[in-house]
Amino acid sequence: MNRRIVVDVLLALAGGLAMRQAFGLEPVWWLAWIAPAPLLFAAWRNGALVSAALALLAGLIAASGNFAYFMQLMPVPAAVLVTLLLALAWVLVTGLSRRVVMHTAAPWSVLAYPLLWCAVDTLLAAAHPDGNWGSLAYSQADFAPAVQIVALTGVAGLVFAVALVPAALALAALRGWYALAGCALALVAAIFAFGHFRMPGDVPAGQRVGLAAIDDFIGPRTPAAHAERVWAQYESHVVALSAQGARIVVLPEKIAIVAPEAAARLSERLAALAARAGVWLVAGVGLDAGARKLNLAWLFSPGGQLAVTYQKHHLAPPERDYLPGAAYPVREIAGTPYGLAICKDMHFAAMGRAYGQRQAQAILVPAWDFNADARYAARLSALRGVESGYAMVRSARDGLLTVTDAYGRVVAETRSAPLPGATLLSAVPAARLDTFYARTGDWFGWLATGAAALLLALPAIPRIAGVVRSRVS
């Protein structure tokens, strides 16, 4: 076998393994800035078929890290298909960027790879039912100085930066353009500096909030005695958190799935609990009326009234027979405007931006995760607060109970647990930020998408011009 091919296969393997660690459910943030570089170096110095094969190899290794997780959410054929599609995204972006690099003897060709990833990310966020869940940007969610850029550009700006560095490193190795790598690293340093100086040392504390989560699910086949133990324990947690000073208590998503008659009784019980504890109480419930299924979050006032019924907008794969909601309720509590969302809703920047435009200062989020994605889901959701300028209170079964500030920093956090469950008491960070992204939306993502399309069209422009001239003459 050709020695160079062996080297390139080893580079693709190394890149794939690094990408698996950098872009998985437990991402290694610093690795994301260099992980694709070995693949790009190998793919960009080969022909189209070899390049595609190397990218597919690396992409499959990278995507395989989430295969077991996909198996929890969907049937085996669907999990295989999703894994393959994620791998093909690497093939597409690597191959198209190779065309620009090979046809352009100019340093600006380095922009093709990050612009193409921005285009993929933006189109998925706008059109796919699951949004841009696997965005390269979410690899940085645990590193606050990096993510502050999303307050200006949305996640597309962070995608661009994360993808630019490995592209510059690969081109520097291929063509000796070391100044190009230096410019890319300087841009990253500027982004980190911006993020560092944007974040204050601390944020004033607001109201005290309590979170409680019990992993036990109450379904149609759950024995009545066990269901009662779960609800009784939740009542005990709410009363205890109130005694510790909590003025708002957030429980998880879809604690129980109930029929309409049972839902009415449950609503009365929770309203009485809110009144007894003297708190604003958020609880997630599934309503099953046969052909009409809803995923709801109820907000009860300390006076014992059902103040808001929120219906989940973005439904997870197991909820495809549920009806989506469309409202963005904001409720003022002791002078502070709070929004409501449920779990996957906060995976979508447009959803988060809608609350930023409504001047929400914090979002109360009942959630239900899948254990393996606990940290990923919590950090992904926190980025909505960075984009649009608010704190987040997220209480997840099979996940984490988390309070984050408007800069994406974790203020308090603990893991959920089976009976008797887990609780968390924290002050909600009081800062409300007016961000450029909340005002302008995905301007950077769409600009990058247009620029990527222009780059791909450039090699064809001389041919088109020649055809036009020949026909005119």
# chains A, B, ... in the order shown; residues from 1 in each chain; ligands from 1
>>> select_by_dssp(residues="stretch 138-176 of chain A", states="helix (DSSP H, G or I)", output="PyMOL selection string")
chain A and resi 138-140+144-147+150-153+155-175
>>> residues_around(residues="stretch 130-143 of chain A", least_positions_apart="5", cutoff="7 Å", atoms="only C-alpha atoms", output="ChimeraX atom specification")
/A:22-23,27-29,32,121,124-125,155,158-159,347-348,379-380,383
>>> write_last_selection(atoms="N, CA and C atoms", output="JSON list (two decimals), in the first residue's frame")
[["chain", "number", "residue", "atom", "x", "y", "z"],
["A", 22, "ALA", "N", -14.22, 15.54, 21.26],
["A", 22, "ALA", "CA", -14.46, 16.99, 21.25],
["A", 22, "ALA", "C", -15.92, 17.35, 21.07],
["A", 23, "PHE", "N", -16.68, 16.51, 20.35],
["A", 23, "PHE", "CA", -18.05, 16.88, 19.98],
["A", 23, "PHE", "C", -19.09, 15.87, 20.48],
["A", 27, "PRO", "N", -18.25, 16.89, 25.95],
["A", 27, "PRO", "CA", -17.21, 17.45, 25.08],
["A", 27, "PRO", "C", -16.00, 17.98, 25.84],
["A", 28, "VAL", "N", -14.84, 17.77, 25.26],
["A", 28, "VAL", "CA", -13.60, 18.36, 25.76],
["A", 28, "VAL", "C", -13.38, 19.66, 24.99],
["A", 29, "TRP", "N", -13.68, 20.78, 25.63],
["A", 29, "TRP", "CA", -13.82, 22.04, 24.89],
["A", 29, "TRP", "C", -12.56, 22.42, 24.14],
["A", 32, "ALA", "N", -11.82, 20.63, 20.76],
["A", 32, "ALA", "CA", -12.64, 20.99, 19.59],
["A", 32, "ALA", "C", -11.92, 21.96, 18.66],
["A", 121, "ASP", "N", -25.11, 24.49, 10.06],
["A", 121, "ASP", "CA", -25.67, 24.76, 11.38],
["A", 121, "ASP", "C", -26.92, 25.64, 11.30],
["A", 124, "LEU", "N", -29.91, 23.74, 9.62],
["A", 124, "LEU", "CA", -30.49, 22.77, 10.55],
["A", 124, "LEU", "C", -31.32, 23.47, 11.63],
["A", 125, "ALA", "N", -30.78, 24.54, 12.18],
["A", 125, "ALA", "CA", -31.50, 25.26, 13.23],
["A", 125, "ALA", "C", -32.84, 25.79, 12.73],
["A", 155, "VAL", "N", -25.04, 31.17, 17.82],
["A", 155, "VAL", "CA", -24.06, 30.09, 17.84],
["A", 155, "VAL", "C", -23.25, 30.02, 16.55],
["A", 158, "LEU", "N", -19.76, 31.30, 16.91],
["A", 158, "LEU", "CA", -18.87, 30.38, 17.63],
["A", 158, "LEU", "C", -18.52, 29.18, 16.76],
["A", 159, "VAL", "N", -19.47, 28.70, 15.96],
["A", 159, "VAL", "CA", -19.17, 27.63, 15.00],
["A", 159, "VAL", "C", -18.05, 28.08, 14.06],
["A", 347, "HIS", "N", -33.54, 24.10, 23.30],
["A", 347, "HIS", "CA", -32.53, 23.72, 22.33],
["A", 347, "HIS", "C", -32.57, 24.62, 21.10],
["A", 348, "PHE", "N", -33.56, 25.50, 21.03],
["A", 348, "PHE", "CA", -33.79, 26.30, 19.82],
["A", 348, "PHE", "C", -33.56, 27.78, 20.13],
["A", 379, "ARG", "N", -26.17, 22.41, 29.58],
["A", 379, "ARG", "CA", -25.29, 23.47, 29.08],
["A", 379, "ARG", "C", -25.80, 24.05, 27.77],
["A", 380, "LEU", "N", -26.31, 23.19, 26.90],
["A", 380, "LEU", "CA", -26.92, 23.65, 25.65],
["A", 380, "LEU", "C", -28.03, 24.65, 25.96],
["A", 383, "LEU", "N", -26.99, 28.19, 27.00],
["A", 383, "LEU", "CA", -26.55, 29.10, 25.95],
["A", 383, "LEU", "C", -27.67, 30.01, 25.45]]
>>> atom_distance(atom1="atom CA of A:Thr402", atom2="atom CA of A:Ala354")
21.6 Å
>>> select_by_dssp(residues="stretch 211-353 of chain A", states="strand (DSSP E)", output="number ranges by chain")
A: 211-213, 248-250, 257-258, 280-288, 293-300, 306-311, 330-333, 336-340
>>> closest_atom_pairs(of="stretch 106-148 of chain A", to="stretch 89-100 of chain A", cutoff="12 Å", atoms="only C-alpha atoms", output="tab-separated table")
residue	atom	partner	partner_atom	distance
A:Ala106	CA	A:Val100	CA	9.8
A:Pro107	CA	A:Val100	CA	10.9
A:Trp108	CA	A:Val100	CA	9.8
A:Ser109	CA	A:Val100	CA	6.2
A:Val110	CA	A:Ser97	CA	8.3
A:Leu111	CA	A:Ser97	CA	8.5
A:Ala112	CA	A:Ser97	CA	5.1
A:Tyr113	CA	A:Ser97	CA	5.0
A:Pro114	CA	A:Ser97	CA	8.8
A:Leu115	CA	A:Ser97	CA	9.0
A:Leu116	CA	A:Val93	CA	6.0
A:Trp117	CA	A:Val93	CA	6.6
A:Cys118	CA	A:Val93	CA	10.1
A:Ala119	CA	A:Val93	CA	9.7
A:Val120	CA	A:Ala89	CA	8.2
A:Asp121	CA	A:Ala89	CA	10.4
A:Leu124	CA	A:Ala89	CA	11.3
A:Gly134	CA	A:Ala89	CA	11.0
A:Ser135	CA	A:Ala89	CA	11.4
A:Leu136	CA	A:Trp90	CA	11.5
>>> write_last_selection(atoms="C-alpha atoms", output="PDB file, in the first residue's frame")
ATOM      1  CA  ALA A 106      -5.123  32.150  -1.920  1.00  0.00           C
ATOM      2  CA  PRO A 107      -5.152  32.232   1.896  1.00  0.00           C
ATOM      3  CA  TRP A 108      -8.794  33.301   1.986  1.00  0.00           C
ATOM      4  CA  SER A 109      -9.779  29.768   0.900  1.00  0.00           C
ATOM      5  CA  VAL A 110      -9.430  28.902   4.590  1.00  0.00           C
ATOM      6  CA  LEU A 111     -12.863  30.511   5.036  1.00  0.00           C
ATOM      7  CA  ALA A 112     -14.624  27.766   3.072  1.00  0.00           C
ATOM      8  CA  TYR A 113     -14.581  25.174   5.843  1.00  0.00           C
ATOM      9  CA  PRO A 114     -15.931  27.407   8.682  1.00  0.00           C
ATOM     10  CA  LEU A 115     -18.467  29.093   6.390  1.00  0.00           C
ATOM     11  CA  LEU A 116     -19.810  25.727   5.253  1.00  0.00           C
ATOM     12  CA  TRP A 117     -20.202  24.548   8.837  1.00  0.00           C
ATOM     13  CA  CYS A 118     -22.026  27.801   9.627  1.00  0.00           C
ATOM     14  CA  ALA A 119     -24.351  27.149   6.689  1.00  0.00           C
ATOM     15  CA  VAL A 120     -25.090  23.587   7.816  1.00  0.00           C
ATOM     16  CA  ASP A 121     -25.672  24.760  11.385  1.00  0.00           C
ATOM     17  CA  LEU A 124     -30.489  22.767  10.554  1.00  0.00           C
ATOM     18  CA  GLY A 134     -25.133  18.538  17.438  1.00  0.00           C
ATOM     19  CA  SER A 135     -23.708  21.998  16.704  1.00  0.00           C
ATOM     20  CA  LEU A 136     -19.940  22.372  16.944  1.00  0.00           C
TER      21      LEU A 136
END
>>> atom_distance(atom1="atom CA of A:Leu315", atom2="atom CA of A:Arg20")
26.7 Å
>>> closest_residue(among="A:Asn371, A:Leu57, A:Gly339, A:Pro302", to="A:Leu25", atoms="only C-alpha atoms")
A:Asn371
>>> residues_around(residues="A:Tyr328", least_positions_apart="4", cutoff="12 Å", atoms="only C-alpha atoms", output="list in words")
Val308, Thr309, Tyr310, Gln311, Lys312, His313, Tyr338, Gly339, Leu340, Ala341, Ile342, Asp345, Ala350, Met351, Gly352, Arg353, Ala354, Tyr355, Gly356, Gln357, Arg358, Gln359, Ala360 and Ile363 of chain A
>>> residues_around(residues="A:Pro337", least_positions_apart="5", cutoff="8 Å", atoms="only C-alpha atoms", output="PyMOL selection string")
chain A and resi 330-332+359-362
>>> atom_distance(atom1="atom CA of A:Ser301", atom2="atom CA of A:Ala274")
6.5 Å
>>> residues_around(residues="stretch 171-183 of chain A", least_positions_apart="6", cutoff="10 Å", atoms="only C-alpha atoms", output="short mmCIF file (atom, residue, chain, number, x, y, z; two decimals) with C-alpha atoms, in the first residue's frame")
data_model
loop_
_atom_site.label_atom_id
_atom_site.label_comp_id
_atom_site.auth_asym_id
_atom_site.auth_seq_id
_atom_site.Cartn_x
_atom_site.Cartn_y
_atom_site.Cartn_z
CA ALA A 37 -7.05 19.38 11.68
CA PRO A 38 -5.48 15.94 10.97
CA LEU A 40 -8.47 18.18 6.91
CA PHE A 41 -4.75 17.91 6.20
CA ALA A 42 -5.17 14.36 4.89
CA TRP A 44 -7.31 18.24 1.31
CA ARG A 45 -4.14 16.78 -0.19
CA VAL A 101 -9.00 25.02 -1.37
CA ALA A 105 -4.27 29.46 -4.44
CA ALA A 106 -5.12 32.15 -1.92
CA PRO A 107 -5.15 32.23 1.90
CA TRP A 108 -8.79 33.30 1.99
CA SER A 109 -9.78 29.77 0.90
CA VAL A 110 -9.43 28.90 4.59
CA LEU A 164 -11.58 28.27 11.46
CA VAL A 165 -8.70 27.17 13.66
CA ALA A 189 -7.56 35.08 21.57
#
>>> closest_atom_pairs(of="stretch 143-166 of chain A", to="stretch 417-438 of chain A", cutoff="8 Å", atoms="only C-alpha atoms", output="tab-separated table")
residue	atom	partner	partner_atom	distance
A:Val150	CA	A:Tyr437	CA	7.3
A:Ala151	CA	A:Tyr437	CA	5.3
A:Leu152	CA	A:Tyr437	CA	4.9
A:Thr153	CA	A:Tyr437	CA	5.9
A:Gly154	CA	A:Tyr437	CA	6.0
>>> residues_around(residues="A:Ala316", least_positions_apart="2", cutoff="12 Å", atoms="only C-alpha atoms", output="compact mmCIF listing (two decimals) with C-alpha atoms, in the first residue's frame")
# COMPACT_ATOMS: atom_id res chain seq x y z
CA GLN A 72 -32.36 5.29 23.86
CA LEU A 73 -34.40 7.71 21.74
CA MET A 74 -35.27 5.76 18.60
CA PRO A 129 -37.33 19.24 13.83
CA ASP A 130 -34.40 18.63 16.19
CA GLY A 131 -32.65 21.87 15.30
CA TRP A 133 -28.59 19.78 18.48
CA ASN A 295 -47.02 18.25 27.33
CA LYS A 312 -44.37 22.57 24.97
CA HIS A 313 -43.39 23.85 21.51
CA HIS A 314 -40.63 21.47 20.40
CA PRO A 318 -41.03 9.90 21.60
CA GLU A 319 -43.62 12.72 21.57
CA ARG A 320 -44.41 12.85 17.87
CA ASP A 321 -48.12 12.23 18.60
CA TYR A 322 -48.28 15.25 20.95
CA LEU A 323 -49.64 18.64 19.86
CA PRO A 324 -47.14 21.54 19.91
CA ILE A 342 -40.11 22.82 28.68
CA CYS A 343 -36.87 20.89 28.13
CA LYS A 344 -36.25 20.67 24.38
CA ASP A 345 -37.76 24.12 23.80
CA MET A 346 -34.48 25.58 25.03
CA HIS A 347 -32.53 23.72 22.33
CA ALA A 367 -37.17 19.04 31.91
CA TRP A 368 -36.72 15.31 31.44
CA ASP A 369 -33.35 14.12 30.19
CA PHE A 370 -31.85 10.68 29.47
>>> closest_residue(among="A:Val238, A:Glu26, A:Tyr69, A:Val147", to="A:Gly195", atoms="only C-alpha atoms")
A:Val147
>>> decode(residues="stretch 103-136 of chain A", atoms="N, CA and C atoms", output="compact mmCIF listing (two decimals), in the first residue's frame")
# COMPACT_ATOMS: atom_id res chain seq x y z
N HIS A 103 -9.01 24.76 -5.77
CA HIS A 103 -9.19 25.63 -6.93
C HIS A 103 -8.73 27.06 -6.65
N THR A 104 -8.25 27.31 -5.44
CA THR A 104 -7.91 28.68 -5.07
C THR A 104 -6.53 28.69 -4.41
N ALA A 105 -5.61 29.34 -5.02
CA ALA A 105 -4.27 29.46 -4.44
C ALA A 105 -4.17 30.75 -3.64
N ALA A 106 -5.10 30.92 -2.71
CA ALA A 106 -5.12 32.15 -1.92
C ALA A 106 -5.46 31.81 -0.47
N PRO A 107 -4.90 32.53 0.48
CA PRO A 107 -5.15 32.23 1.90
C PRO A 107 -6.62 32.31 2.30
N TRP A 108 -7.39 33.16 1.57
CA TRP A 108 -8.79 33.30 1.99
C TRP A 108 -9.61 32.03 1.78
N SER A 109 -9.06 31.04 1.07
CA SER A 109 -9.78 29.77 0.90
C SER A 109 -10.01 29.06 2.23
N VAL A 110 -9.24 29.47 3.26
CA VAL A 110 -9.43 28.90 4.59
C VAL A 110 -10.84 29.15 5.11
N LEU A 111 -11.51 30.16 4.56
CA LEU A 111 -12.86 30.51 5.04
C LEU A 111 -13.91 29.48 4.61
N ALA A 112 -13.61 28.69 3.60
CA ALA A 112 -14.62 27.77 3.07
C ALA A 112 -15.11 26.80 4.14
N TYR A 113 -14.20 26.18 4.85
CA TYR A 113 -14.58 25.17 5.84
C TYR A 113 -15.45 25.77 6.96
N PRO A 114 -15.05 26.85 7.63
CA PRO A 114 -15.93 27.41 8.68
C PRO A 114 -17.25 27.96 8.14
N LEU A 115 -17.21 28.56 6.94
CA LEU A 115 -18.47 29.09 6.39
C LEU A 115 -19.44 27.97 6.06
N LEU A 116 -18.93 26.86 5.55
CA LEU A 116 -19.81 25.73 5.25
C LEU A 116 -20.41 25.14 6.52
N TRP A 117 -19.62 25.04 7.58
CA TRP A 117 -20.20 24.55 8.84
C TRP A 117 -21.26 25.52 9.37
N CYS A 118 -21.01 26.81 9.22
CA CYS A 118 -22.03 27.80 9.63
C CYS A 118 -23.31 27.61 8.83
N ALA A 119 -23.18 27.35 7.53
CA ALA A 119 -24.35 27.15 6.69
C ALA A 119 -25.13 25.92 7.13
N VAL A 120 -24.42 24.81 7.35
CA VAL A 120 -25.09 23.59 7.82
C VAL A 120 -25.80 23.84 9.13
N ASP A 121 -25.11 24.49 10.06
CA ASP A 121 -25.67 24.76 11.38
C ASP A 121 -26.92 25.64 11.30
N THR A 122 -26.83 26.68 10.49
CA THR A 122 -27.95 27.63 10.37
C THR A 122 -29.16 26.98 9.71
N LEU A 123 -28.93 26.20 8.67
CA LEU A 123 -30.04 25.54 7.98
C LEU A 123 -30.70 24.50 8.88
N LEU A 124 -29.91 23.74 9.62
CA LEU A 124 -30.49 22.77 10.55
C LEU A 124 -31.32 23.47 11.63
N ALA A 125 -30.78 24.54 12.18
CA ALA A 125 -31.50 25.26 13.23
C ALA A 125 -32.84 25.79 12.73
N ALA A 126 -32.87 26.20 11.46
CA ALA A 126 -34.08 26.80 10.90
C ALA A 126 -35.11 25.78 10.44
N ALA A 127 -34.64 24.60 9.97
CA ALA A 127 -35.55 23.70 9.26
C ALA A 127 -35.72 22.32 9.87
N HIS A 128 -34.78 21.86 10.68
CA HIS A 128 -34.85 20.48 11.17
C HIS A 128 -35.68 20.40 12.44
N PRO A 129 -36.51 19.36 12.61
CA PRO A 129 -37.33 19.24 13.83
C PRO A 129 -36.50 19.18 15.11
N ASP A 130 -35.27 18.68 15.02
CA ASP A 130 -34.40 18.63 16.19
C ASP A 130 -33.39 19.77 16.22
N GLY A 131 -33.52 20.71 15.30
CA GLY A 131 -32.65 21.87 15.30
C GLY A 131 -31.19 21.50 15.07
N ASN A 132 -30.29 22.31 15.60
CA ASN A 132 -28.85 22.08 15.44
C ASN A 132 -28.28 21.46 16.72
N TRP A 133 -28.95 20.42 17.21
CA TRP A 133 -28.59 19.78 18.48
C TRP A 133 -27.11 19.41 18.54
N GLY A 134 -26.53 18.96 17.44
CA GLY A 134 -25.13 18.54 17.44
C GLY A 134 -24.17 19.62 17.02
N SER A 135 -24.54 20.89 17.16
CA SER A 135 -23.71 22.00 16.70
C SER A 135 -22.31 21.94 17.29
N LEU A 136 -21.31 22.27 16.45
CA LEU A 136 -19.94 22.37 16.94
C LEU A 136 -19.83 23.37 18.09
